[in-house]
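> Input input31.csv, format and content: CSV, C-alpha atoms.
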```csv
chain,number,residue,atom,x,y,z
A,1,MET,CA,6.3,-25.7,-28.7
A,2,ALA,CA,7.4,-26.0,-25.0
A,3,THR,CA,9.7,-23.4,-23.7
A,4,LEU,CA,12.9,-24.7,-22.2
A,5,ASN,CA,13.5,-21.5,-20.0
A,6,PRO,CA,12.3,-22.3,-16.5
A,7,PHE,CA,12.0,-18.6,-15.6
A,8,ARG,CA,9.9,-17.9,-18.7
A,9,PHE,CA,7.7,-20.9,-17.7
A,10,ILE,CA,6.9,-19.5,-14.2
A,11,HIS,CA,4.2,-17.3,-15.7
A,12,LEU,CA,2.6,-20.4,-17.3
A,13,LEU,CA,2.4,-22.0,-13.9
A,14,PHE,CA,0.5,-19.1,-12.6
A,15,GLY,CA,-1.6,-18.8,-15.7
A,16,SER,CA,-2.9,-22.3,-16.0
A,17,GLY,CA,-5.9,-22.2,-13.8
A,18,ARG,CA,-6.7,-21.2,-10.2
A,19,PHE,CA,-6.1,-24.7,-8.8
A,20,LEU,CA,-2.5,-25.0,-10.1
A,21,SER,CA,-1.7,-21.3,-9.4
A,22,LEU,CA,-2.7,-21.6,-5.8
A,23,LEU,CA,-0.7,-24.9,-5.5
A,24,VAL,CA,2.4,-23.0,-6.6
A,25,VAL,CA,1.7,-20.1,-4.2
A,26,ALA,CA,1.4,-22.5,-1.4
A,27,TYR,CA,4.6,-24.2,-2.5
A,28,LEU,CA,6.3,-20.8,-2.3
A,29,PHE,CA,5.2,-20.3,1.3
A,30,VAL,CA,6.3,-23.8,2.3
A,31,PHE,CA,9.8,-22.9,1.2
A,32,LEU,CA,9.6,-19.6,3.0
A,33,GLY,CA,8.7,-21.6,6.1
A,34,ILE,CA,11.7,-24.0,5.9
A,35,SER,CA,14.1,-21.2,5.3
A,36,ASP,CA,14.3,-20.6,9.1
A,37,VAL,CA,16.1,-23.9,9.6
A,38,ILE,CA,18.2,-23.6,6.5
A,39,SER,CA,19.4,-20.1,7.2
A,40,THR,CA,19.5,-19.6,11.0
A,41,ALA,CA,19.3,-22.9,12.9
A,42,LEU,CA,23.1,-23.2,13.2
A,43,GLN,CA,23.4,-19.6,14.5
A,44,TYR,CA,20.4,-20.1,16.7
A,45,THR,CA,21.7,-23.2,18.4
A,46,GLU,CA,25.1,-21.7,18.8
A,47,TYR,CA,23.7,-18.5,20.4
A,48,ARG,CA,21.1,-20.2,22.6
A,49,TYR,CA,22.7,-23.5,23.6
A,50,GLN,CA,26.4,-22.8,22.9
A,51,TRP,CA,26.4,-25.8,20.5
A,52,THR,CA,29.4,-26.4,18.3
A,53,PRO,CA,29.0,-26.9,14.5
A,54,LEU,CA,29.7,-30.6,15.2
A,55,GLN,CA,26.9,-30.9,17.7
A,56,TYR,CA,24.5,-29.2,15.3
A,57,GLY,CA,25.6,-31.4,12.5
A,58,VAL,CA,24.9,-34.6,14.5
A,59,GLN,CA,21.5,-33.3,15.5
A,60,SER,CA,20.7,-32.3,11.9
A,61,SER,CA,21.8,-35.6,10.5
A,62,ILE,CA,19.6,-37.6,12.9
A,63,ALA,CA,16.6,-35.4,12.0
A,64,MET,CA,17.2,-35.8,8.2
A,65,ALA,CA,17.6,-39.6,8.7
A,66,VAL,CA,14.2,-39.7,10.3
A,67,GLY,CA,12.8,-37.6,7.4
A,68,VAL,CA,14.2,-40.1,4.9
A,69,LEU,CA,12.6,-43.0,6.8
A,70,VAL,CA,9.3,-41.3,6.9
A,71,GLN,CA,9.2,-40.5,3.2
A,72,SER,CA,10.5,-43.9,2.1
A,73,LEU,CA,8.6,-46.2,4.4
A,74,GLY,CA,5.5,-44.3,5.6
A,75,LEU,CA,4.5,-41.9,2.8
A,76,LYS,CA,2.5,-44.3,0.6
A,77,LEU,CA,0.8,-45.9,3.6
A,78,ILE,CA,-0.2,-42.5,5.1
A,79,LEU,CA,-1.5,-41.2,1.8
A,80,ARG,CA,-3.5,-44.4,1.2
A,81,CYS,CA,-5.1,-44.3,4.7
A,82,PHE,CA,-6.0,-40.6,4.9
A,83,GLY,CA,-5.8,-39.1,1.3
A,84,ASP,CA,-3.3,-36.6,0.1
A,85,ARG,CA,-5.4,-33.5,0.7
A,86,ILE,CA,-5.9,-34.2,4.4
A,87,VAL,CA,-2.3,-35.3,4.8
A,88,ILE,CA,-0.9,-32.1,3.1
A,89,VAL,CA,-3.0,-29.7,5.1
A,90,VAL,CA,-2.5,-31.5,8.5
A,91,SER,CA,1.2,-32.0,8.0
A,92,LEU,CA,1.7,-28.2,7.3
A,93,PHE,CA,-0.1,-27.4,10.5
A,94,MET,CA,2.1,-29.9,12.3
A,95,GLN,CA,5.1,-28.2,10.8
A,96,ALA,CA,3.9,-24.9,12.1
A,97,GLY,CA,3.5,-26.4,15.6
A,98,PHE,CA,6.9,-28.0,15.7
A,99,HIS,CA,8.6,-24.8,14.5
A,100,ILE,CA,6.9,-22.9,17.2
A,101,LEU,CA,8.2,-25.5,19.7
A,102,MET,CA,11.7,-25.0,18.3
A,103,GLY,CA,11.5,-21.3,18.9
A,104,LEU,CA,10.2,-21.9,22.4
A,105,SER,CA,12.9,-24.5,23.3
A,106,PHE,CA,14.7,-23.4,26.4
A,107,GLU,CA,16.8,-26.5,26.6
A,108,PRO,CA,18.9,-28.3,23.9
A,109,TRP,CA,16.9,-31.5,24.2
A,110,MET,CA,13.7,-29.7,23.6
A,111,PHE,CA,15.0,-28.3,20.3
A,112,PHE,CA,16.4,-31.7,19.3
A,113,ALA,CA,13.0,-33.4,20.0
A,114,SER,CA,11.1,-30.7,18.1
A,115,SER,CA,13.4,-30.8,15.2
A,116,VAL,CA,13.2,-34.6,14.9
A,117,GLY,CA,9.4,-34.5,15.4
A,118,SER,CA,9.0,-32.0,12.5
A,119,GLN,CA,10.4,-34.7,10.2
A,120,PHE,CA,7.2,-36.7,10.7
A,121,ALA,CA,5.3,-33.9,9.0
A,122,ILE,CA,7.7,-33.6,6.0
A,123,VAL,CA,5.4,-35.7,3.8
A,124,ASN,CA,3.8,-32.5,2.4
A,125,PHE,CA,6.7,-31.8,0.1
A,126,PRO,CA,6.5,-34.7,-2.3
A,127,ALA,CA,2.7,-34.7,-2.2
A,128,ILE,CA,2.5,-31.0,-3.3
A,129,GLN,CA,5.2,-31.6,-5.9
A,130,SER,CA,3.3,-34.5,-7.3
A,131,LEU,CA,0.1,-32.5,-7.6
A,132,ILE,CA,1.9,-29.6,-9.4
A,133,SER,CA,3.7,-32.1,-11.7
A,134,ASN,CA,0.4,-33.6,-12.8
A,135,GLY,CA,-0.9,-30.2,-13.7
A,136,ILE,CA,1.9,-29.7,-16.2
A,137,PRO,CA,1.6,-31.0,-19.8
A,138,GLU,CA,3.9,-33.9,-20.6
A,139,ASP,CA,5.8,-32.1,-23.2
A,140,GLN,CA,6.6,-29.3,-20.7
A,141,GLN,CA,7.5,-31.3,-17.7
A,142,ALA,CA,11.2,-30.5,-17.8
A,143,ALA,CA,10.7,-26.7,-18.1
A,144,GLY,CA,7.8,-26.9,-15.6
A,145,LEU,CA,9.8,-28.6,-12.9
A,146,GLY,CA,12.7,-26.3,-13.6
A,147,ALA,CA,10.4,-23.3,-13.0
A,148,LEU,CA,9.2,-25.0,-9.8
A,149,SER,CA,12.8,-25.2,-8.7
A,150,SER,CA,13.3,-21.6,-9.5
A,151,VAL,CA,10.2,-20.7,-7.4
A,152,SER,CA,11.7,-22.6,-4.5
A,153,ASN,CA,15.1,-20.9,-4.9
A,154,ILE,CA,13.5,-17.5,-5.0
A,155,SER,CA,11.5,-18.4,-1.8
A,156,LEU,CA,14.7,-19.6,0.0
A,157,LEU,CA,16.5,-16.4,-1.0
A,158,ILE,CA,13.7,-14.2,0.3
A,159,GLY,CA,13.3,-16.3,3.4
A,160,SER,CA,17.0,-16.4,4.2
A,161,LEU,CA,17.2,-12.7,4.1
A,162,LEU,CA,14.1,-12.3,6.2
A,163,MET,CA,15.0,-14.9,8.8
A,164,GLY,CA,18.7,-13.9,9.1
A,165,ASN,CA,18.0,-10.2,9.5
A,166,SER,CA,15.0,-10.7,11.9
A,167,PHE,CA,17.1,-13.0,14.1
A,168,ALA,CA,20.0,-10.5,14.1
A,169,TYR,CA,17.7,-7.7,15.1
A,170,PHE,CA,15.7,-9.4,17.8
A,171,ILE,CA,18.8,-10.6,19.7
A,172,SER,CA,20.5,-7.2,19.4
A,173,LYS,CA,20.5,-4.4,22.0
A,174,GLU,CA,18.5,-2.2,19.5
A,175,ALA,CA,15.5,-4.5,19.7
A,176,ILE,CA,12.4,-3.2,21.5
A,177,ILE,CA,11.7,-6.7,22.7
A,178,ARG,CA,14.1,-9.7,22.7
A,179,ILE,CA,12.6,-12.7,20.7
A,180,ILE,CA,15.3,-15.3,20.2
A,181,GLY,CA,13.0,-17.7,18.4
A,182,ILE,CA,11.7,-15.2,15.9
A,183,PRO,CA,12.9,-17.1,12.8
A,184,PHE,CA,10.9,-20.2,13.8
A,185,TYR,CA,7.8,-18.2,14.6
A,186,LEU,CA,8.0,-16.6,11.1
A,187,GLY,CA,8.5,-20.0,9.6
A,188,ALA,CA,5.4,-21.3,11.5
A,189,PHE,CA,3.4,-18.3,10.2
A,190,PHE,CA,4.3,-19.2,6.6
A,191,PHE,CA,3.3,-22.8,7.1
A,192,VAL,CA,-0.1,-21.8,8.4
A,193,ILE,CA,-0.6,-19.5,5.3
A,194,ALA,CA,0.4,-22.4,3.0
A,195,SER,CA,-2.0,-24.7,4.8
A,196,ALA,CA,-4.9,-22.2,4.6
A,197,ILE,CA,-4.3,-21.7,0.9
A,198,LEU,CA,-4.4,-25.4,0.2
A,199,TRP,CA,-7.4,-26.0,2.4
A,200,ILE,CA,-9.4,-23.4,0.4
A,201,ASN,CA,-7.9,-24.6,-2.9
A,202,PHE,CA,-8.9,-28.2,-2.3
A,203,GLY,CA,-12.4,-27.1,-1.3
A,204,VAL,CA,-12.7,-25.2,-4.6
A,205,LYS,CA,-11.4,-28.2,-6.5
A,206,THR,CA,-13.9,-30.5,-4.9
A,207,LYS,CA,-16.8,-28.1,-5.7
A,208,ASP,CA,-15.6,-27.7,-9.3
A,209,LYS,CA,-15.6,-31.5,-9.7
A,210,ILE,CA,-19.0,-31.9,-8.3
A,211,ASP,CA,-20.4,-29.1,-10.5
A,212,ASN,CA,-18.6,-30.8,-13.4
A,213,ARG,CA,-20.4,-34.1,-12.8
A,214,LYS,CA,-23.8,-32.4,-12.5
A,215,SER,CA,-23.5,-30.3,-15.7
A,216,THR,CA,-21.2,-32.7,-17.6
A,217,MET,CA,-19.0,-29.7,-18.5
A,218,THR,CA,-15.5,-30.2,-19.8
A,219,PHE,CA,-12.9,-28.1,-18.1
A,220,GLU,CA,-10.1,-27.0,-20.5
A,221,THR,CA,-7.6,-25.7,-18.0
A,222,MET,CA,-4.4,-27.7,-17.5
A,223,ASP,CA,-5.1,-28.5,-13.9
A,224,GLU,CA,-8.7,-29.7,-14.3
A,225,THR,CA,-8.2,-32.1,-17.3
A,226,THR,CA,-5.0,-33.8,-16.1
A,227,PRO,CA,-5.5,-36.8,-13.9
A,228,LEU,CA,-3.6,-36.8,-10.5
A,229,SER,CA,-1.3,-39.6,-9.7
A,230,VAL,CA,-1.7,-39.4,-6.0
A,231,SER,CA,-5.0,-40.4,-4.5
A,232,LEU,CA,-7.4,-37.5,-4.8
A,233,SER,CA,-10.8,-38.5,-3.7
A,234,ILE,CA,-13.9,-36.4,-3.1
A,235,ASN,CA,-14.8,-36.5,0.5
```
Translate this file's structure into structure tokens.


Amino acid sequence: MATLNPFRFIHLLFGSGRFLSLLVVAYLFVFLGISDVISTALQYTEYRYQWTPLQYGVQSSIAMAVGVLVQSLGLKLILRCFGDRIVIVVSLFMQAGFHILMGLSFEPWMFFASSVGSQFAIVNFPAIQSLISNGIPEDQQAAGLGALSSVSNISLLIGSLLMGNSFAYFISKEAIIRIIGIPFYLGAFFFVIASAILWINFGVKTKDKIDNRKSTMTFETMDETTPLSVSLSIN
């Protein structure tokens, strides 16, 4: 019988095979990465550019509108042209690059351009969620997605504490070296980790599939027997 407690289901996500477990770990690091914008971007722009909350709100709204357009109009085409594995890994590296640029932005227009540009790499979120969802049995989808939401909330909690405190320290007089963009550098670091995990994980998945074809073995783990809805092809 499927459990309805999402927190109790978290251990099932990590115990359902290496492929699905590493997907969830990468998903955790992705949300650690975006916590820089969620927790410190307003304070960062106020401190560095003397933006008002209204100015930041306008900039954030434009960036999110670009993200909505990318996901609604370009996601299917991008996945069809390049395949989901390449898109996920490359988009995470792009996210890391744009977050580094946000941390290095000396002028407001540079931060605005980097923030809007990062929205073109936001396609990794629905793609990763789709892969994880297809690794969860149908009778446990609700609890599984609830557990995934719990993982993201835990990541955001940890990330917000880390980003906020690091930003406060590195702009203070007590800091050994002054690094205003430290939250975005940390966010970029987490995106790189997530991308590396997925790159290794997809390579392992491909090798397992090839071995499966050669030996006609039947994998019994949740992640290997469940077909993926997004286009997973062996390169």

> Pick out the residues sitting within 8 Å of Ile10 in chain A, and hand them over as a PyMOL selection string; count all atoms listed in the file, and ignore anything fewer than 6 positions along from it in its own chain.

chain A and resi 144+147-148+151

> I need the residues from that last selection saved to file as a PDB file, in the coordinates of the input (with C-alpha atoms), if you can.


```
ATOM      1  CA  GLY A 144       7.800 -26.900 -15.600  1.00  0.00           C
ATOM      2  CA  ALA A 147      10.400 -23.300 -13.000  1.00  0.00           C
ATOM      3  CA  LEU A 148       9.200 -25.000  -9.800  1.00  0.00           C
ATOM      4  CA  VAL A 151      10.200 -20.700  -7.400  1.00  0.00           C
TER       5      VAL A 151
END
```

> Residues near range 123-127 of chain A, anyone? I mean within 7 Å using all atoms listed in the file, not counting same-chain ones fewer than 3 positions away, as JSON, numbers by chain.

{"A": [71, 75, 84, 88, 91, 92, 130, 131]}

> Show which residues sit within 7 Å of range 101-118 of chain A, as a PyMOL selection string. Count only C-alpha atoms, and ignore same-chain residues fewer than 5 positions away.

chain A and resi 49+59+63+66+95+181-182+184-185

> Given the selection you just returned, output its residues as a file containing C-alpha atoms, formatted as an mmCIF file, in the coordinates of the input.


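And here's out26.cif as it stands now:
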```cif
data_model
loop_
_atom_site.group_PDB
_atom_site.id
_atom_site.type_symbol
_atom_site.label_atom_id
_atom_site.label_comp_id
_atom_site.auth_asym_id
_atom_site.auth_seq_id
_atom_site.Cartn_x
_atom_site.Cartn_y
_atom_site.Cartn_z
ATOM 1 C CA TYR A 49 22.700 -23.500 23.600
ATOM 2 C CA GLN A 59 21.500 -33.300 15.500
ATOM 3 C CA ALA A 63 16.600 -35.400 12.000
ATOM 4 C CA VAL A 66 14.200 -39.700 10.300
ATOM 5 C CA GLN A 95 5.100 -28.200 10.800
ATOM 6 C CA GLY A 181 13.000 -17.700 18.400
ATOM 7 C CA ILE A 182 11.700 -15.200 15.900
ATOM 8 C CA PHE A 184 10.900 -20.200 13.800
ATOM 9 C CA TYR A 185 7.800 -18.200 14.600
#
```

> Do a neighbour search on Ile179 in chain A at 12 Å with all atoms listed in the file, toss out local chain neighbours closer than 2 positions, and write the hits as a ChimeraX atom specification.

/A:44,48,103-104,166-173,175-177,181-186

> Report the distance between CA of Ser60 in chain A and CA of Leu162 in chain A in Å, rounded to one decimal place.

21.8 Å

> Could you tell me how far CA of Leu198 in chain A lies from CA of Leu20 in chain A, in Å and to one decimal?

10.5 Å

> Suppose you want the space between CA of Gln55 in chain A and CA of Asn153 in chain A; what is it in Å?

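Atom-to-atom, CA of Gln55 in chain A to CA of Asn153 in chain A, that is 27.4 Å.
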
> Find the residue from A:Phe120, A:Phe202, A:Phe98, A:Tyr56 that sits nearest to Ala188 in chain A; use only C-alpha atoms when measuring.

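Smallest distance to Ala188 in chain A is found for A:Phe98.
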